[in-house]
$ cat my_file_11.pdb   # PDB, C-alpha atoms
ATOM      1  CA  MET A   4     106.506 123.260 104.724  1.00  0.00           C
ATOM      2  CA  GLU A   5     106.364 123.765 100.964  1.00  0.00           C
ATOM      3  CA  GLN A   6     107.064 120.680  98.855  1.00  0.00           C
ATOM      4  CA  SER A   7     109.837 120.896  96.313  1.00  0.00           C
ATOM      5  CA  PHE A   8     109.958 118.618  93.320  1.00  0.00           C
ATOM      6  CA  ARG A   9     112.994 117.284  91.530  1.00  0.00           C
ATOM      7  CA  PRO A  10     113.976 118.970  88.297  1.00  0.00           C
ATOM      8  CA  MET A  11     113.801 116.791  85.210  1.00  0.00           C
ATOM      9  CA  ARG A  12     117.131 115.061  84.700  1.00  0.00           C
ATOM     10  CA  ARG A  13     116.809 114.926  80.913  1.00  0.00           C
ATOM     11  CA  PHE A  14     115.666 118.516  80.545  1.00  0.00           C
ATOM     12  CA  LYS A  15     116.345 118.588  76.794  1.00  0.00           C
ATOM     13  CA  GLN A  16     113.399 116.179  76.397  1.00  0.00           C
ATOM     14  CA  ALA A  17     111.034 118.367  78.440  1.00  0.00           C
ATOM     15  CA  LEU A  18     107.676 119.273  76.935  1.00  0.00           C
ATOM     16  CA  SER A  19     106.322 122.796  77.153  1.00  0.00           C
ATOM     17  CA  GLU A  20     103.454 123.535  79.505  1.00  0.00           C
ATOM     18  CA  ASP A  21     101.189 123.981  76.464  1.00  0.00           C
ATOM     19  CA  GLU A  22     102.104 120.498  75.195  1.00  0.00           C
ATOM     20  CA  CYS A  23     101.450 118.999  78.650  1.00  0.00           C
ATOM     21  CA  ILE A  24      98.037 120.678  78.707  1.00  0.00           C
ATOM     22  CA  ARG A  25      97.253 119.406  75.193  1.00  0.00           C
ATOM     23  CA  ILE A  26      97.955 115.833  76.314  1.00  0.00           C
ATOM     24  CA  LEU A  27      95.809 116.216  79.444  1.00  0.00           C
ATOM     25  CA  LYS A  28      92.953 117.669  77.395  1.00  0.00           C
ATOM     26  CA  THR A  29      92.986 115.099  74.590  1.00  0.00           C
ATOM     27  CA  GLU A  30      94.091 111.745  75.986  1.00  0.00           C
ATOM     28  CA  LYS A  31      91.353 109.467  77.308  1.00  0.00           C
ATOM     29  CA  ARG A  32      93.153 107.474  79.990  1.00  0.00           C
ATOM     30  CA  GLY A  33      95.894 107.864  82.517  1.00  0.00           C
ATOM     31  CA  THR A  34      97.375 106.059  85.482  1.00  0.00           C
ATOM     32  CA  LEU A  35      96.642 107.161  89.035  1.00  0.00           C
ATOM     33  CA  ALA A  36      99.175 106.146  91.680  1.00  0.00           C
ATOM     34  CA  VAL A  37      98.344 106.236  95.381  1.00  0.00           C
ATOM     35  CA  ILE A  38      99.961 104.916  98.540  1.00  0.00           C
ATOM     36  CA  GLY A  39      98.154 101.636  99.044  1.00  0.00           C
ATOM     37  CA  ASP A  40      97.956  98.922 101.673  1.00  0.00           C
ATOM     38  CA  GLY A  41     101.116  98.403 103.691  1.00  0.00           C
ATOM     39  CA  GLY A  42     102.784 101.416 102.050  1.00  0.00           C
ATOM     40  CA  TYR A  43     102.960  99.699  98.671  1.00  0.00           C
ATOM     41  CA  PRO A  44     102.317 101.846  95.603  1.00  0.00           C
ATOM     42  CA  TYR A  45      98.962 101.148  93.968  1.00  0.00           C
ATOM     43  CA  ALA A  46      98.656 102.370  90.378  1.00  0.00           C
ATOM     44  CA  LEU A  47      95.609 101.876  88.209  1.00  0.00           C
ATOM     45  CA  PRO A  48      94.265 103.120  84.878  1.00  0.00           C
ATOM     46  CA  ILE A  49      91.464 105.678  85.039  1.00  0.00           C
ATOM     47  CA  ASN A  50      89.390 107.870  82.764  1.00  0.00           C
ATOM     48  CA  PHE A  51      89.811 111.550  83.557  1.00  0.00           C
ATOM     49  CA  TYR A  52      88.878 115.102  82.658  1.00  0.00           C
ATOM     50  CA  TYR A  53      91.319 118.028  82.816  1.00  0.00           C
ATOM     51  CA  ASP A  54      89.862 121.459  83.596  1.00  0.00           C
ATOM     52  CA  GLN A  55      92.391 123.953  82.259  1.00  0.00           C
ATOM     53  CA  ALA A  56      90.765 127.007  83.888  1.00  0.00           C
ATOM     54  CA  GLU A  57      91.083 125.400  87.328  1.00  0.00           C
ATOM     55  CA  ASN A  58      94.261 123.440  86.528  1.00  0.00           C
ATOM     56  CA  LYS A  59      92.708 120.353  88.102  1.00  0.00           C
ATOM     57  CA  ILE A  60      92.124 116.777  87.048  1.00  0.00           C
ATOM     58  CA  PHE A  61      88.741 115.192  87.774  1.00  0.00           C
ATOM     59  CA  PHE A  62      87.770 111.524  87.825  1.00  0.00           C
ATOM     60  CA  HIS A  63      85.077 109.329  89.328  1.00  0.00           C
ATOM     61  CA  CYS A  64      85.404 106.464  91.764  1.00  0.00           C
ATOM     62  CA  SER A  65      83.461 104.387  94.228  1.00  0.00           C
ATOM     63  CA  ARG A  66      83.174 105.254  97.900  1.00  0.00           C
ATOM     64  CA  GLU A  67      84.905 102.070  99.018  1.00  0.00           C
ATOM     65  CA  GLY A  68      87.674  99.799  97.852  1.00  0.00           C
ATOM     66  CA  HIS A  69      91.458  99.884  97.647  1.00  0.00           C
ATOM     67  CA  LYS A  70      91.675 103.185  95.713  1.00  0.00           C
ATOM     68  CA  ALA A  71      89.121 104.959  97.922  1.00  0.00           C
ATOM     69  CA  ASP A  72      90.774 103.723 101.112  1.00  0.00           C
ATOM     70  CA  ALA A  73      94.206 104.805  99.891  1.00  0.00           C
ATOM     71  CA  MET A  74      92.990 108.325  99.021  1.00  0.00           C
ATOM     72  CA  ASN A  75      91.235 108.591 102.385  1.00  0.00           C
ATOM     73  CA  ASN A  76      94.481 107.648 104.153  1.00  0.00           C
ATOM     74  CA  CYS A  77      96.794 109.914 102.134  1.00  0.00           C
ATOM     75  CA  ASP A  78      95.777 112.683  99.767  1.00  0.00           C
ATOM     76  CA  LYS A  79      99.097 112.762  97.871  1.00  0.00           C
ATOM     77  CA  VAL A  80      98.842 111.217  94.406  1.00  0.00           C
ATOM     78  CA  CYS A  81     100.753 110.941  91.171  1.00  0.00           C
ATOM     79  CA  PHE A  82      98.982 110.853  87.811  1.00  0.00           C
ATOM     80  CA  THR A  83     100.478 110.050  84.421  1.00  0.00           C
ATOM     81  CA  ALA A  84      98.993 110.382  80.952  1.00  0.00           C
ATOM     82  CA  HIS A  85     100.693 109.676  77.631  1.00  0.00           C
ATOM     83  CA  ASP A  86      99.887 109.693  73.968  1.00  0.00           C
ATOM     84  CA  ALA A  87      99.960 106.638  71.689  1.00  0.00           C
ATOM     85  CA  GLY A  88     103.323 107.633  70.289  1.00  0.00           C
ATOM     86  CA  GLU A  89     104.518 108.180  66.739  1.00  0.00           C
ATOM     87  CA  GLN A  90     106.898 106.246  64.554  1.00  0.00           C
ATOM     88  CA  HIS A  91     109.487 108.129  62.532  1.00  0.00           C
ATOM     89  CA  GLY A  92     110.980 105.771  59.975  1.00  0.00           C
ATOM     90  CA  ASP A  93     111.968 102.776  62.063  1.00  0.00           C
ATOM     91  CA  TRP A  94     110.278 100.438  64.568  1.00  0.00           C
ATOM     92  CA  SER A  95     110.735 102.718  67.570  1.00  0.00           C
ATOM     93  CA  TYR A  96     108.215 105.209  68.966  1.00  0.00           C
ATOM     94  CA  TYR A  97     108.375 108.783  70.201  1.00  0.00           C
ATOM     95  CA  VAL A  98     106.014 109.036  73.163  1.00  0.00           C
ATOM     96  CA  ARG A  99     104.902 112.195  74.972  1.00  0.00           C
ATOM     97  CA  SER A 100     103.958 111.837  78.617  1.00  0.00           C
ATOM     98  CA  VAL A 101     102.856 114.096  81.447  1.00  0.00           C
ATOM     99  CA  ILE A 102     103.412 113.431  85.129  1.00  0.00           C
ATOM    100  CA  VAL A 103     101.375 115.319  87.716  1.00  0.00           C
ATOM    101  CA  PHE A 104     101.867 115.410  91.459  1.00  0.00           C
ATOM    102  CA  GLY A 105      99.030 116.755  93.544  1.00  0.00           C
ATOM    103  CA  ARG A 106      96.500 116.354  96.282  1.00  0.00           C
ATOM    104  CA  VAL A 107      93.177 114.626  95.829  1.00  0.00           C
ATOM    105  CA  LYS A 108      89.829 115.248  97.504  1.00  0.00           C
ATOM    106  CA  PRO A 109      86.169 114.595  96.780  1.00  0.00           C
ATOM    107  CA  VAL A 110      84.038 117.313  95.200  1.00  0.00           C
ATOM    108  CA  LYS A 111      81.375 117.954  97.835  1.00  0.00           C
ATOM    109  CA  ASP A 112      79.345 120.860  96.446  1.00  0.00           C
ATOM    110  CA  ALA A 113      76.440 119.291  94.492  1.00  0.00           C
ATOM    111  CA  ASP A 114      76.384 121.979  91.781  1.00  0.00           C
ATOM    112  CA  VAL A 115      80.141 121.742  91.180  1.00  0.00           C
ATOM    113  CA  LYS A 116      79.934 117.941  91.273  1.00  0.00           C
ATOM    114  CA  TYR A 117      77.223 117.993  88.590  1.00  0.00           C
ATOM    115  CA  GLU A 118      79.191 120.469  86.451  1.00  0.00           C
ATOM    116  CA  LYS A 119      82.332 118.314  86.612  1.00  0.00           C
ATOM    117  CA  ALA A 120      80.425 115.054  86.069  1.00  0.00           C
ATOM    118  CA  LYS A 121      78.827 116.582  82.973  1.00  0.00           C
ATOM    119  CA  ALA A 122      82.138 117.903  81.593  1.00  0.00           C
ATOM    120  CA  PHE A 123      83.800 114.572  82.367  1.00  0.00           C
ATOM    121  CA  GLY A 124      80.990 112.644  80.659  1.00  0.00           C
ATOM    122  CA  MET A 125      81.040 114.813  77.529  1.00  0.00           C
ATOM    123  CA  LYS A 126      84.634 113.695  76.969  1.00  0.00           C
ATOM    124  CA  TYR A 127      83.504 110.047  76.726  1.00  0.00           C
ATOM    125  CA  TYR A 128      79.801 109.741  75.898  1.00  0.00           C
ATOM    126  CA  PRO A 129      78.689 109.683  72.268  1.00  0.00           C
ATOM    127  CA  ASP A 130      76.036 112.357  72.840  1.00  0.00           C
ATOM    128  CA  GLU A 131      74.699 114.678  75.512  1.00  0.00           C
ATOM    129  CA  GLU A 132      71.271 113.060  75.594  1.00  0.00           C
ATOM    130  CA  GLU A 133      72.708 109.700  76.630  1.00  0.00           C
ATOM    131  CA  LEU A 134      74.897 111.362  79.252  1.00  0.00           C
ATOM    132  CA  ASP A 135      71.926 113.268  80.701  1.00  0.00           C
ATOM    133  CA  ARG A 136      69.985 109.997  81.084  1.00  0.00           C
ATOM    134  CA  GLU A 137      72.940 108.411  82.866  1.00  0.00           C
ATOM    135  CA  LEU A 138      73.394 111.378  85.199  1.00  0.00           C
ATOM    136  CA  GLU A 139      69.685 111.465  86.003  1.00  0.00           C
ATOM    137  CA  ARG A 140      69.779 107.792  86.929  1.00  0.00           C
ATOM    138  CA  ASP A 141      73.108 107.610  88.795  1.00  0.00           C
ATOM    139  CA  PHE A 142      74.162 111.113  89.879  1.00  0.00           C
ATOM    140  CA  GLU A 143      73.524 110.559  93.590  1.00  0.00           C
ATOM    141  CA  ARG A 144      75.853 107.544  93.594  1.00  0.00           C
ATOM    142  CA  VAL A 145      78.629 109.240  91.627  1.00  0.00           C
ATOM    143  CA  ARG A 146      81.719 110.290  93.549  1.00  0.00           C
ATOM    144  CA  ILE A 147      83.765 112.892  91.700  1.00  0.00           C
ATOM    145  CA  MET A 148      87.333 113.440  92.846  1.00  0.00           C
ATOM    146  CA  GLU A 149      89.612 116.355  92.026  1.00  0.00           C
ATOM    147  CA  ILE A 150      93.380 116.478  91.892  1.00  0.00           C
ATOM    148  CA  LYS A 151      94.778 119.919  92.626  1.00  0.00           C
ATOM    149  CA  ILE A 152      97.985 119.982  90.604  1.00  0.00           C
ATOM    150  CA  GLU A 153     101.057 120.991  92.602  1.00  0.00           C
ATOM    151  CA  HIS A 154     103.673 120.055  90.002  1.00  0.00           C
ATOM    152  CA  MET A 155     103.491 119.028  86.354  1.00  0.00           C
ATOM    153  CA  SER A 156     106.177 118.018  83.898  1.00  0.00           C
ATOM    154  CA  GLY A 157     106.169 116.451  80.474  1.00  0.00           C
ATOM    155  CA  LYS A 158     108.692 114.524  78.476  1.00  0.00           C
ATOM    156  CA  LEU A 159     109.286 113.287  74.942  1.00  0.00           C
ATOM    157  CA  VAL A 160     110.875 109.829  75.029  1.00  0.00           C
ATOM    158  CA  HIS A 161     112.323 107.966  72.084  1.00  0.00           C
ATOM    159  CA  GLU A 162     111.653 104.313  72.944  1.00  0.00           C
ATOM    160  CA  LYS A 163     114.506 102.625  71.166  1.00  0.00           C
TER     161      LYS A 163
END

$ encode --input "my_file_11.pdb" --output "structure tokens"
Amino acid sequence: MEQSFRPMRRFKQALSEDECIRILKTEKRGTLAVIGDGGYPYALPINFYYDQAENKIFFHCSREGHKADAMNNCDKVCFTAHDAGEQHGDWSYYVRSVIVFGRVKPVKDADVKYEKAKAFGMKYYPDEEELDRELERDFERVRIMEIKIEHMSGKLVHEK
């Protein structure tokens, strides 16, 4: 059965797909929400990398723990990223956010895992040389996860 997603209630505040992609490509952190222990939501901040060509979000995690257990039990996730916001004259902010619904799974192919780990690292490391040293030392322990995006929406909110 195909999943349907709710339309945005405040559609006049919707961001374009291009603006959503810009946020996913440039922002450094987001919040991953999974179905945790006892059916409670479990949301946590993560670093991430968005691959526009594949329309997937990649991140790293350990092989055990609350997040890993939750993803092993249910592959449905929600991911949110937002910018820092802008002020326009008064104290309030205009914030752009993107919400993604999708399915998560580990990247198993070693070549793809290395490619995504490298692309992910280049978003955060100060230089490629330092990243290469880190990957050489820790690549076997790295677990790269991918979120296949099923639905994405963005919104401009005036926090007033």

$ axis_aligned_box --input "my_file_11.pdb" --around "region 53-66 of chain A" --padding-each-side "5 Å" --output "JSON"
{"center_x": 88.7, "center_y": 115.7, "center_z": 90.1, "size_x": 21.1, "size_y": 32.6, "size_z": 25.6}

$ resolve_selection --input "my_file_11.pdb" --expression "the PyMOL selection byres ((chain A and resi 123) around 8)" --output "mmCIF file with C-alpha atoms, keeping the file's coordinate frame"
data_model
loop_
_atom_site.group_PDB
_atom_site.id
_atom_site.type_symbol
_atom_site.label_atom_id
_atom_site.label_comp_id
_atom_site.auth_asym_id
_atom_site.auth_seq_id
_atom_site.Cartn_x
_atom_site.Cartn_y
_atom_site.Cartn_z
ATOM 1 C CA PHE A 51 89.811 111.550 83.557
ATOM 2 C CA TYR A 52 88.878 115.102 82.658
ATOM 3 C CA PHE A 61 88.741 115.192 87.774
ATOM 4 C CA PHE A 62 87.770 111.524 87.825
ATOM 5 C CA LYS A 119 82.332 118.314 86.612
ATOM 6 C CA ALA A 120 80.425 115.054 86.069
ATOM 7 C CA LYS A 121 78.827 116.582 82.973
ATOM 8 C CA ALA A 122 82.138 117.903 81.593
ATOM 9 C CA GLY A 124 80.990 112.644 80.659
ATOM 10 C CA MET A 125 81.040 114.813 77.529
ATOM 11 C CA LYS A 126 84.634 113.695 76.969
ATOM 12 C CA TYR A 127 83.504 110.047 76.726
#

$ closest_residue --input "my_file_11.pdb" --among "A:Ser65, A:Asn76, A:Gln55, A:Ser7" --to "Arg25 (chain A)" --atoms "all atoms listed in the file"
A:Gln55

$ closest_residue --input "my_file_11.pdb" --among "A:His154, A:Lys59, A:His161, A:His69" --to "Val110 (chain A)" --atoms "only C-alpha atoms"
A:Lys59

$ closest_residue --input "my_file_11.pdb" --among "A:Lys111, A:Arg136, A:Arg32, A:Arg106" --to "Glu153 (chain A)" --atoms "all atoms listed in the file"
A:Arg106

$ closest_residue --input "my_file_11.pdb" --among "A:Ala56, A:Leu159, A:Ala73, A:Ala46" --to "Val107 (chain A)" --atoms "all atoms listed in the file"
A:Ala73

$ closest_residue --input "my_file_11.pdb" --among "A:Gly33, A:Gly68, A:Gly39, A:Pro109" --to "Tyr53 (chain A)" --atoms "only C-alpha atoms"
A:Gly33

$ closest_residue --input "my_file_11.pdb" --among "A:Glu132, A:Glu67, A:Asp40, A:Glu89" --to "Arg146 (chain A)" --atoms "only C-alpha atoms"
A:Glu67

$ atom_distance --input "my_file_11.pdb" --atom1 "CA of Phe82 (chain A)" --atom2 "CA of Thr34 (chain A)"
5.6 Å

$ resolve_selection --input "my_file_11.pdb" --expression "the PyMOL selection byres ((chain A and resi 84-87) around 10)" --output "list of chain:residue names"
A:Cys23, A:Ile26, A:Leu27, A:Thr29, A:Glu30, A:Lys31, A:Arg32, A:Gly33, A:Thr34, A:Leu35, A:Pro48, A:Ile49, A:Phe51, A:Phe82, A:Thr83, A:Gly88, A:Glu89, A:Gln90, A:Tyr96, A:Tyr97, A:Val98, A:Arg99, A:Ser100, A:Val101, A:Ile102, A:Val103, A:Gly157, A:Lys158, A:Leu159

$ atom_distance --input "my_file_11.pdb" --atom1 "CA of Ile24 (chain A)" --atom2 "CA of Val80 (chain A)"
18.3 Å

$ atom_distance --input "my_file_11.pdb" --atom1 "CA of Leu47 (chain A)" --atom2 "CA of Arg9 (chain A)"
23.5 Å
